[in-house]
Every structure is written in C-alpha cells, then in structure tokens.
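Raw contents of input-v3.tsv, TSV, C-alpha atoms:
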```
chain	number	residue	atom	x	y	z
A	4	MET	CA	125.66	133.14	94.12
A	5	HIS	CA	128.28	132.95	91.39
A	6	SER	CA	128.17	134.93	88.18
A	7	ILE	CA	128.47	133.63	84.64
A	8	THR	CA	129.24	135.97	81.78
A	9	GLY	CA	129.18	134.80	78.19
A	10	SER	CA	131.05	136.74	75.54
A	11	ILE	CA	132.66	136.55	72.14
A	12	PHE	CA	136.35	135.93	72.71
A	13	GLY	CA	137.29	136.49	69.08
A	14	PHE	CA	136.54	135.16	65.63
A	15	THR	CA	137.82	132.22	63.62
A	16	GLN	CA	139.44	132.51	60.20
A	17	LYS	CA	136.01	131.78	58.69
A	18	GLY	CA	134.42	134.52	60.82
A	19	LEU	CA	132.66	132.30	63.35
A	20	PRO	CA	132.50	133.60	66.94
A	21	ILE	CA	134.71	131.94	69.54
A	22	LEU	CA	132.56	131.80	72.66
A	23	ALA	CA	133.97	132.32	76.15
A	24	TYR	CA	132.33	131.87	79.54
A	25	ARG	CA	133.59	133.62	82.66
A	26	PHE	CA	132.86	132.24	86.11
A	27	GLN	CA	133.37	134.30	89.26
A	28	ASN	CA	132.26	134.36	92.86
A	29	PRO	CA	131.68	137.70	94.57
A	30	ILE	CA	134.71	138.82	96.55
A	31	SER	CA	133.97	139.18	100.23
A	32	SER	CA	134.02	142.78	101.36
A	33	ILE	CA	134.83	141.67	104.90
A	34	GLY	CA	138.34	140.73	105.88
A	35	THR	CA	141.46	140.54	103.79
A	36	THR	CA	140.46	138.02	101.14
A	37	PRO	CA	142.99	138.18	98.30
A	38	PRO	CA	141.58	138.63	94.80
A	39	PRO	CA	140.86	135.37	93.00
A	40	LYS	CA	143.50	133.91	90.70
A	41	LYS	CA	142.69	134.21	87.00
A	42	VAL	CA	142.57	130.97	85.04
A	43	LEU	CA	142.06	130.35	81.33
A	44	ILE	CA	140.85	126.92	80.19
A	45	LEU	CA	141.01	126.13	76.47
A	46	GLY	CA	139.31	123.18	74.80
A	47	GLY	CA	139.65	122.30	71.15
A	48	VAL	CA	142.95	123.99	70.34
A	49	HIS	CA	143.45	121.12	67.92
A	50	GLY	CA	140.17	120.45	66.14
A	51	ASP	CA	140.76	116.71	65.87
A	52	GLU	CA	141.25	116.31	69.64
A	53	ILE	CA	137.58	116.13	70.50
A	54	GLU	CA	138.22	114.84	74.04
A	55	GLY	CA	139.42	118.32	75.05
A	56	VAL	CA	136.19	119.85	73.71
A	57	ILE	CA	134.09	117.28	75.56
A	58	ALA	CA	136.01	117.88	78.81
A	59	ALA	CA	135.61	121.67	78.45
A	60	GLN	CA	131.88	121.32	77.75
A	61	ALA	CA	131.52	119.11	80.84
A	62	LEU	CA	133.29	121.77	82.93
A	63	LEU	CA	130.94	124.38	81.50
A	64	ALA	CA	127.91	122.34	82.55
A	65	CYS	CA	129.33	121.72	86.04
A	66	PHE	CA	130.36	125.34	86.62
A	67	ALA	CA	126.96	126.58	85.44
A	68	GLN	CA	125.32	124.46	88.17
A	69	GLU	CA	127.76	125.22	90.97
A	70	PHE	CA	130.94	127.25	91.22
A	71	PRO	CA	132.25	127.20	94.80
A	72	PHE	CA	135.80	128.20	93.87
A	73	HIS	CA	137.64	131.38	94.78
A	74	LEU	CA	138.84	131.66	91.17
A	75	ASP	CA	138.12	133.83	88.14
A	76	ILE	CA	137.87	131.27	85.32
A	77	THR	CA	137.43	131.98	81.64
A	78	LEU	CA	136.46	128.82	79.77
A	79	ILE	CA	136.61	128.48	75.99
A	80	PRO	CA	135.20	125.07	75.02
A	81	GLN	CA	136.05	125.28	71.29
A	82	PHE	CA	139.01	127.60	70.73
A	83	ASN	CA	139.62	126.23	67.21
A	84	LEU	CA	135.98	126.08	66.17
A	85	ASP	CA	136.78	125.87	62.43
A	86	GLY	CA	139.09	122.90	63.07
A	87	VAL	CA	136.49	121.21	65.27
A	88	LEU	CA	133.81	121.58	62.58
A	89	LEU	CA	136.21	120.40	59.86
A	90	LYS	CA	137.49	117.56	62.10
A	91	GLN	CA	141.08	118.57	61.45
A	92	ARG	CA	144.00	119.51	63.68
A	93	GLY	CA	144.60	122.97	62.24
A	94	ASN	CA	142.25	125.88	61.75
A	95	ALA	CA	140.50	126.67	58.43
A	96	ASN	CA	143.90	127.64	56.98
A	97	GLY	CA	145.48	124.37	58.15
A	98	ILE	CA	147.59	126.18	60.77
A	99	ASP	CA	148.43	124.48	64.08
A	100	LEU	CA	147.28	127.18	66.51
A	101	ASN	CA	149.48	125.77	69.27
A	102	ARG	CA	152.52	126.53	67.12
A	103	ASN	CA	151.29	129.87	65.78
A	104	MET	CA	151.73	131.72	69.07
A	105	ALA	CA	154.36	134.46	69.14
A	106	THR	CA	156.83	132.71	71.42
A	107	LYS	CA	160.56	133.39	71.77
A	108	ASP	CA	161.34	130.26	69.79
A	109	TRP	CA	158.69	130.63	67.05
A	110	SER	CA	159.93	129.43	63.68
A	111	PRO	CA	158.24	129.11	60.27
A	112	GLU	CA	159.76	125.63	59.93
A	113	SER	CA	158.01	122.40	60.83
A	114	LYS	CA	158.95	118.76	60.58
A	115	THR	CA	155.62	117.84	58.95
A	116	PRO	CA	152.59	119.72	57.59
A	117	ARG	CA	150.67	118.50	60.67
A	118	TYR	CA	152.62	121.02	62.78
A	119	ASN	CA	152.36	123.95	60.33
A	120	PRO	CA	153.11	127.09	62.43
A	121	GLY	CA	151.82	129.47	59.76
A	122	PRO	CA	153.56	132.10	57.64
A	123	SER	CA	154.32	134.26	60.70
A	124	ALA	CA	153.76	134.26	64.44
A	125	ASN	CA	150.17	135.22	65.29
A	126	SER	CA	149.17	135.15	61.63
A	127	GLU	CA	145.82	133.62	62.62
A	128	SER	CA	142.83	135.50	64.05
A	129	GLU	CA	142.43	132.90	66.80
A	130	THR	CA	145.95	133.34	68.17
A	131	ARG	CA	145.71	137.13	67.90
A	132	ALA	CA	142.54	137.01	70.02
A	133	LEU	CA	144.29	134.76	72.55
A	134	GLU	CA	147.33	137.02	72.76
A	135	LYS	CA	145.11	140.10	73.23
A	136	TRP	CA	143.23	138.37	76.06
A	137	ILE	CA	146.42	137.19	77.77
A	138	LEU	CA	147.95	140.66	77.64
A	139	SER	CA	144.80	142.33	79.00
A	140	GLU	CA	143.91	139.75	81.68
A	141	SER	CA	147.35	138.46	82.82
A	142	PRO	CA	146.14	135.00	83.87
A	143	HIS	CA	147.92	133.12	86.61
A	144	TRP	CA	147.34	129.78	84.89
A	145	ILE	CA	146.43	128.56	81.43
A	146	LEU	CA	145.10	125.04	81.06
A	147	SER	CA	144.90	123.70	77.51
A	148	LEU	CA	142.94	120.46	77.20
A	149	HIS	CA	144.57	118.22	74.60
A	150	SER	CA	144.26	114.55	73.85
A	151	TRP	CA	146.51	111.91	72.41
A	152	GLN	CA	145.25	108.44	71.82
A	153	PRO	CA	144.06	107.03	74.15
A	154	VAL	CA	144.17	109.66	76.94
A	155	LEU	CA	143.32	113.27	77.71
A	156	ASN	CA	146.40	115.25	78.70
```
Please rewrite the model in this file as structure tokens.
Amino acid sequence: MHSITGSIFGFTQKGLPILAYRFQNPISSIGTTPPPKKVLILGGVHGDEIEGVIAAQALLACFAQEFPFHLDITLIPQFNLDGVLLKQRGNANGIDLNRNMATKDWSPESKTPRYNPGPSANSESETRALEKWILSESPHWILSLHSWQPVLN
C-alpha cells in the first residue's frame, strides 16, 4: 500500500497555505532495491495557465487511487495560489514566480511587465519556500506544468 502525506509547503504573499501531497511506496527491505528517485511536480506556477492546475489535480486524483511507481513524488497542484484565484500570471504582487528564482542569470530587468522578475531574486514567499524545499530534498527531477494556447507543455 502506498502512503500519501499532505502538508503545507509554504505560504503565498497573501498568507494562504500552499498545499503539497507526497506519494511514496514502501521500500522493499529484501534485496538491493535502490532508493526511489525524488520528483517535484508543480501546477499553477503561472496563475493564468489553468491547464497546469487541472493536470496536477488529475494526477493527484489518480495517485490517490493507485501509486504503483518506485518514486517519491511531491505534487503541488496550485503553487501560485494567489495568481490562480486572481486569474493572473503573477502572484498577488504581480511577480512572475518562474522568473523570481535565484538563478545564475537572474536580472531585475524584463522586456514587459508580464515577465516581472521582482525587485530581487527570491523576493517572494512562494519562491523562498520552493528554494528551501529544493535545498532540503535535492530532487532528481522537477516537472513544472505550464500551458500556452492551445497546448499543455
């Protein structure tokens, strides 16, 4: 039987909880089974890309019924919950969370307000929570569910 653990991943700029669901199968104590690979799946990084939220929620429903995988998956259906509720790309501050991450090439400049990276890298509570999780869990893969008319990518 697989295990499902629900938790609060972090909080949005408006103080709403970002919910995470972790799916695991017990590791066999017999033999030399390697530990499962850690995977993070994010839906709703951009609040106006509802297809990613819908896909993540469908995965949640499927995994809750059956999880036959030798994986350790953390699923966050609505990473940018404020943006999803406001039906806007950015979070409550209008920041594009995809561009707010503290990457080597982070810059405060953007071509349009749509891609606003924020006043500084990791200025937003959502990206700080994501960075903290990544540093503590060291996932093997991160899958971010985005959409662009007319497809999910």
Size and centre in Å, one decimal, axis-aligned box, all listed range 92-101 of chain A atoms plus 5 Å per side, as AutoDock Vina command-line options:
```
--center_x 145.0 --center_y 123.6 --center_z 63.1 --size_x 19.0 --size_y 18.1 --size_z 22.3
```
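Our summary of the geometry notes that CA of Ser123 in chain A is positioned 15.0 Å from CA of Gly93 in chain A.
Using all atoms listed in the file, the smallest distance between any of A:Lys135, A:Arg102, A:Lys40, A:His73 and Arg117 in chain A comes from A:Arg102.
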For range 41-43 of chain A, please output as an mmCIF file with C-alpha atoms, keeping the file's coordinate frame all residues within 9 Å (counting only C-alpha atoms; exclusion window: fewer than 5 positions along the same chain).
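Final output, saved to result_22.cif:
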```
data_model
loop_
_atom_site.group_PDB
_atom_site.id
_atom_site.type_symbol
_atom_site.label_atom_id
_atom_site.label_comp_id
_atom_site.auth_asym_id
_atom_site.auth_seq_id
_atom_site.Cartn_x
_atom_site.Cartn_y
_atom_site.Cartn_z
ATOM 1 C CA LEU A 74 138.840 131.660 91.170
ATOM 2 C CA ASP A 75 138.120 133.830 88.140
ATOM 3 C CA ILE A 76 137.870 131.270 85.320
ATOM 4 C CA THR A 77 137.430 131.980 81.640
ATOM 5 C CA LEU A 78 136.460 128.820 79.770
ATOM 6 C CA ILE A 79 136.610 128.480 75.990
ATOM 7 C CA ILE A 137 146.420 137.190 77.770
ATOM 8 C CA GLU A 140 143.910 139.750 81.680
ATOM 9 C CA SER A 141 147.350 138.460 82.820
ATOM 10 C CA PRO A 142 146.140 135.000 83.870
ATOM 11 C CA HIS A 143 147.920 133.120 86.610
ATOM 12 C CA TRP A 144 147.340 129.780 84.890
ATOM 13 C CA ILE A 145 146.430 128.560 81.430
ATOM 14 C CA LEU A 146 145.100 125.040 81.060
ATOM 15 C CA SER A 147 144.900 123.700 77.510
#
```
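In this structure, CA of Gln68 in chain A sits 21.1 Å away from CA of Leu148 in chain A.
What separates CA of Phe12 in chain A from CA of Leu45 in chain A is a distance of 11.5 Å.
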